[in-house]
Amino acid sequence: MLKSKTFVKKTRSGGVLKVVREHYLRDDIWCGSEVCTECKQDSTVLQRDACIESSLCPYPHYLVPDTNVVLHQIDVLEDPVIRNVIILQTVLQEVRHRSAPVYKRLKDIIHEQGRHFYTFTNEHHRETFIEREPGESANDRNDRAIRVAVKWYSQHLKTLESGSDDLKVVLLTNDQGNKLKAEETGVVVYKFDEYIKSLIGNPELVDCLALSNDDKNEITSSKVLFPEHLPLSKVQAGIKSGSFLQGTFRASRDNYLEATVFVQGEGEDSTEVLIQGLQNLNRAVHQDVVAVQLLPKNQWVAPSSVVLQDDGAAKDDNVDEDEEEKVLTGPLTETARRATGKVVGIIKRNWRPFCGMLNVSQIKESTRHLFTPADRRIPRIRIETRQASTLAGQRIMVAIDGWPKDSRYPNGHFVRSLGGAGEKDTEEEVLLLEHDVPHQAFSQAVLNFLPKMPWSITPEDLAQRQDLRHLTVCSVDPPGCTDIDDALHCRELENGKLEVGVHIADVSHFIRPGNALDKEAANRGTTVYLCGKRIDMVPELLSSNLCSLRSNVERFAFSCIWEMNHKAEILKTRFTKSIINSKASLTYAEAQMRIDDANKNDDITESLRGLNKLAKILKRKRVENGALTLSSLEVRFHMDSETHDPIDLQTKELMETNSMVEEFMLLANISVAQKIYDEFPESALLRKHPAPPPSNYDILIKAAKSKNVMIHTDSAKALADSLDGAKVDGFQYFNTLLRILATRCMMQAVYFCSGMDSDFHHYGLASPIYTHFTSPIRRYADIIVHRLLAVAIGADSTYPDLMDKHKQSVLCNNLNYRHKMSQYAQRASVAFHTQLFFKTRGILNEKGFVLFVRKNAIIVLIPKFGLEGTVFFDAKDKASPNLVFNEEGPTLKVERHTFHIFDQVKVTISLDDSNIQHQKIRMALTEPVIPGVSVPAPEAEPQAKKRKLDR
């Protein structure tokens, strides 16, 4: 049956266009119920015996939630208890339009077979489709469509002869008007929260209910603590007129009373507005998009140098704000003042479920408690729960429902428990959730696109690739690496020149554009390496087997081959899809030993020596061009083979072979970047590293100056030369510290689409163009670059999205986000394992260096462990010493001793686990000795040595 509608549309040119809309209706759409004998259905989803036990509905029943219930109560709907649910097409479409994250979660539930969620296409069913009436809003029409569909279902099941009279269809809504209209038509309808409260066997589900507006009004006080947020219409008008600025709210980790709002501008015109104090922060939460109003210039302030963390005590809504905020003010010299503002409106909330722990209320029988998020940038959240005694000591997830202007904290609801705090599996889950790392098992839909095993190379494959199996190719990687992306070879040609090849796993051969496997890899964006665990971007069959360039097996590769002279000058470059057979999978140490062993002269060793020799020349040239050699301490844990706990911790040692591999990967990336840009100037996926703004270098210049060393930062070359020449007699570690500090001054490198940007320069590498080509097993950007290169050399066909610069740009934004979150997750994993390591070590006494000086603390780096910690000088439980902070130095005078950046100190290191959620490495000063501040060094032998003797 066809419904068609014709209407007239005026075009820009003043013409008239006749538009015909056709809507097909069918009478053969299944209802999905197992009791139905009328619908011709291949399979049934809704089960009569899978109904939930409810005191409100003491009969078998199916549930139909309306759109708002799905949007606001998805946490409850995700619980396995909720089953036999009909999701109407009207609801699904509205949810998709209004919230992409909730839509994805709903689709995941629908795909779970045991949950009995059925999608009914009511918009195409002859009996349930309705037209929008004159004057009826789209929202009212959709509500009516839901009521009509529920009414049809009820009648449809009632007419069956299978004795299903007692089977009911129940509409769930939170809209009082919708409920009344449904009751008038004879539909069984309940408010969602009253239905959930009626579930006999599952009282804990009540905790997961998001607060409705009625509930929010009940639990707020009468005192207004915050200014009213302006309505969106006023906010938009203010942004348009320039009286307000729109930006992303970024809360401070170190100071809960301070934040910045990043206002995106054209090119380098982006700015940051400083926000200080509860009133000015005005209920904004980290990553919200907000509108800010600049304060008059005479009210501008400087960022506070105080490290100020909320002490965990629940503050009353009547807190004395002045008392709390007197610690905020930074130095008020003209140069230190920053543009300062206040939040006047919220444009877009960026709330997600937050991980953390419950602070159980001291009031007996109270069901209202405070939740402390793991992320210090998120405020505490008030929740109602009857399970407080069970949840104490657990890591839990909580979602925010709203933040009234008369409440010190936002209101929220319990989502789920993650397990005992401090347990390794729980903490790993928390850090993955907190950094938004997709880590669920690959779905069957994704696995369906993997090659069928056993897999083998066919004659067709051979015909399309260059056969390079005869070459002495080998890989060099860290110990235990199974996802081997790259392999190398070097040989002398008959003409006396050298042939050098970089062979990269041909992942794009196995992952075709647009299928479920490709979409999943694009969403994950990168493989995430945690301590002792890897979250793969692609399934293991590819990452550790078919794509991994392991030794003595034939593998598909994408090869970049140069002809070079002995001065490492490139004479010719070619790219080809190939088949290789790696002759050895070596670790960096094994490769280094081969190169250094004069008795070894086999083909693999000679190839490595040739590569190493050329790499040194390439590196020298790069450095001469102004490439930076920066430093950051990476730590490696040695794990117990049974418990997987860290038993030793040391900083990674870099060898010549690390540099050798790096040089050829950089060269391949640069060669490929140039090729794809030449072929596709509008849609090449490239990587750039912006030059830092001059102000970023202030701390580096001050630190060097404190040791009478001058650092020039007008270009990368000037900085590189300054760092090379920065030496202090008797202070061997000075140059490394300076390079570590220089790393902190840098901007993030980012992916971008060539057609959407004009600045391609990579500052750190001093290269005019760069991309990522060499790690397609673990980075999705490289897969796109492989596809572009394959099209450029005629080895594969193109597809529309590959040439669409706007879609490429959206993809780049996701890749940049995933890459950043992956780095944060990896750091969090190292921090957690460092805590595990120190848990069994007692108190250790170690040498360190001051890296930063704050108003009330120094931040100390312990090179032996690659560990940073804060030594506080103002303790709550004792009188503070006399502190004088000088911003210009920066220096901190504690009693009679003055601390500068890079001063050598000795500290005790121990694990403070008094707060199980925010366990931290505590450092206390032992040298220099400052009366009332320094603690005596531990006399006992460190636990680590004792344990080794026991083992």
# chains A, B, ... in the order shown; residues from 1 in each chain; ligands from 1
>>> residues_around(residues="stretch 381-394 of chain A", least_positions_apart="5", cutoff="10 Å", atoms="only C-alpha atoms", output="ChimeraX atom specification")
/A:203-211,219,354,356-361,365-373,399-403,407-414,416-423,426,916-917
>>> closest_atom_pairs(of="stretch 385-474 of chain A", to="stretch 583-595 of chain A", cutoff="12 Å", atoms="only C-alpha atoms", output="JSON lines")
{"residue": "A:Leu468", "atom": "CA", "partner": "A:Lys583", "partner_atom": "CA", "distance": 11.9}
{"residue": "A:Arg469", "atom": "CA", "partner": "A:Lys583", "partner_atom": "CA", "distance": 9.4}
{"residue": "A:His470", "atom": "CA", "partner": "A:Lys583", "partner_atom": "CA", "distance": 9.6}
{"residue": "A:Leu471", "atom": "CA", "partner": "A:Lys583", "partner_atom": "CA", "distance": 8.5}
{"residue": "A:Thr472", "atom": "CA", "partner": "A:Lys583", "partner_atom": "CA", "distance": 6.1}
{"residue": "A:Val473", "atom": "CA", "partner": "A:Lys583", "partner_atom": "CA", "distance": 5.7}
{"residue": "A:Cys474", "atom": "CA", "partner": "A:Ala584", "partner_atom": "CA", "distance": 4.8}
>>> write_last_selection(atoms="N, CA and C atoms", output="PDB file, in the first residue's frame")
ATOM      1  N   LEU A 468      59.034 -10.715  -2.975  1.00  0.00           N
ATOM      2  CA  LEU A 468      60.289 -10.303  -2.331  1.00  0.00           C
ATOM      3  C   LEU A 468      60.708 -11.324  -1.264  1.00  0.00           C
ATOM      4  N   ARG A 469      60.255 -12.576  -1.443  1.00  0.00           N
ATOM      5  CA  ARG A 469      60.537 -13.579  -0.414  1.00  0.00           C
ATOM      6  C   ARG A 469      62.014 -13.947  -0.347  1.00  0.00           C
ATOM      7  N   HIS A 470      62.758 -13.629  -1.432  1.00  0.00           N
ATOM      8  CA  HIS A 470      64.186 -13.979  -1.458  1.00  0.00           C
ATOM      9  C   HIS A 470      65.041 -13.004  -0.646  1.00  0.00           C
ATOM     10  N   LEU A 471      64.501 -11.824  -0.304  1.00  0.00           N
ATOM     11  CA  LEU A 471      65.297 -10.805   0.385  1.00  0.00           C
ATOM     12  C   LEU A 471      65.533 -11.147   1.858  1.00  0.00           C
ATOM     13  N   THR A 472      66.674 -10.690   2.367  1.00  0.00           N
ATOM     14  CA  THR A 472      67.002 -10.924   3.783  1.00  0.00           C
ATOM     15  C   THR A 472      66.327  -9.837   4.616  1.00  0.00           C
ATOM     16  N   VAL A 473      65.047 -10.078   4.862  1.00  0.00           N
ATOM     17  CA  VAL A 473      64.227  -9.124   5.619  1.00  0.00           C
ATOM     18  C   VAL A 473      64.192  -9.580   7.073  1.00  0.00           C
ATOM     19  N   CYS A 474      64.280  -8.658   8.030  1.00  0.00           N
ATOM     20  CA  CYS A 474      64.107  -9.038   9.438  1.00  0.00           C
ATOM     21  C   CYS A 474      63.393  -7.914  10.188  1.00  0.00           C
TER      22      CYS A 474
END
>>> closest_atom_pairs(of="stretch 513-543 of chain A", to="stretch 811-831 of chain A", cutoff="7 Å", atoms="only C-alpha atoms", output="CSV")
residue,atom,partner,partner_atom,distance
A:Arg524,CA,A:Arg818,CA,6.9
A:Gly525,CA,A:Leu815,CA,5.3
A:Thr526,CA,A:His819,CA,6.5
A:Val528,CA,A:Ser822,CA,5.6
A:Tyr529,CA,A:Gln826,CA,6.3
A:Leu530,CA,A:Gln826,CA,5.3
A:Cys531,CA,A:Ser829,CA,6.1
>>> residues_around(residues="stretch 185-194 of chain A", least_positions_apart="5", cutoff="9 Å", atoms="only C-alpha atoms", output="count of residues only")
23
>>> select_by_dssp(residues="stretch 757-910 of chain A", states="alpha helix (DSSP H)", output="JSON, numbers by chain")
{"A": [780, 781, 782, 783, 784, 785, 786, 787, 788, 789, 790, 791, 792, 805, 806, 807, 808, 809, 810, 811, 812, 813, 814, 815, 816, 817, 818, 819, 820, 821, 822, 823, 824, 825, 826, 827, 828, 829, 830, 831, 832, 833, 834, 835, 836, 837, 838, 839]}
>>> residues_around(residues="A:Asp506", least_positions_apart="4", cutoff="7 Å", atoms="only C-alpha atoms", output="PDB file with N, CA and C atoms, in the first residue's frame")
ATOM      1  N   CYS A 547      48.556 -10.655   9.925  1.00  0.00           N
ATOM      2  CA  CYS A 547      49.212  -9.396   9.535  1.00  0.00           C
ATOM      3  C   CYS A 547      50.589  -9.239  10.170  1.00  0.00           C
ATOM      4  N   PHE A 556      51.789 -10.790   3.512  1.00  0.00           N
ATOM      5  CA  PHE A 556      51.567  -9.668   2.600  1.00  0.00           C
ATOM      6  C   PHE A 556      52.154  -8.400   3.234  1.00  0.00           C
ATOM      7  N   ALA A 557      52.809  -7.595   2.410  1.00  0.00           N
ATOM      8  CA  ALA A 557      53.372  -6.335   2.913  1.00  0.00           C
ATOM      9  C   ALA A 557      53.112  -5.217   1.916  1.00  0.00           C
ATOM     10  N   PHE A 558      53.265  -4.002   2.399  1.00  0.00           N
ATOM     11  CA  PHE A 558      53.292  -2.827   1.536  1.00  0.00           C
ATOM     12  C   PHE A 558      54.713  -2.292   1.688  1.00  0.00           C
TER      13      PHE A 558
END
>>> closest_residue(among="A:Pro454, A:Gly341, A:Gly532, A:Pro379", to="A:Gln276", atoms="only C-alpha atoms")
A:Gly341
>>> select_by_dssp(residues="stretch 528-674 of chain A", states="strand (DSSP E or B)", output="ChimeraX atom specification")
/A:528-530,533-535,551,554-564,570-582,584-587,635-639,646-651
>>> closest_residue(among="A:Phe117, A:Phe664, A:Tyr780, A:Phe637", to="A:Ile561", atoms="only C-alpha atoms")
A:Phe664
>>> closest_residue(among="A:Val306, A:Leu789, A:Leu450, A:Val292", to="A:Thr340", atoms="only C-alpha atoms")
A:Val292
>>> closest_residue(among="A:Leu25, A:Val860, A:Ala790, A:Ala716", to="A:Asn625", atoms="only C-alpha atoms")
A:Ala716
>>> closest_residue(among="A:Leu462, A:Leu541, A:Ile670, A:Cys490", to="A:Lys577", atoms="only C-alpha atoms")
A:Leu462
>>> residues_around(residues="A:Asp461", least_positions_apart="3", cutoff="10 Å", atoms="only C-alpha atoms", output="list in words")
Ser456, Ile457, Thr458, Gln464, Arg465, Gln466, Phe556, Ser578 and Ile579 of chain A
>>> residues_around(residues="A:Glu228", least_positions_apart="5", cutoff="9 Å", atoms="only C-alpha atoms", output="count of residues only")
4
>>> residues_around(residues="A:Leu611", least_positions_apart="4", cutoff="8 Å", atoms="only C-alpha atoms", output="list in words")
His489, Cys490, Val500, Ser607, Ala615 and Met660 of chain A
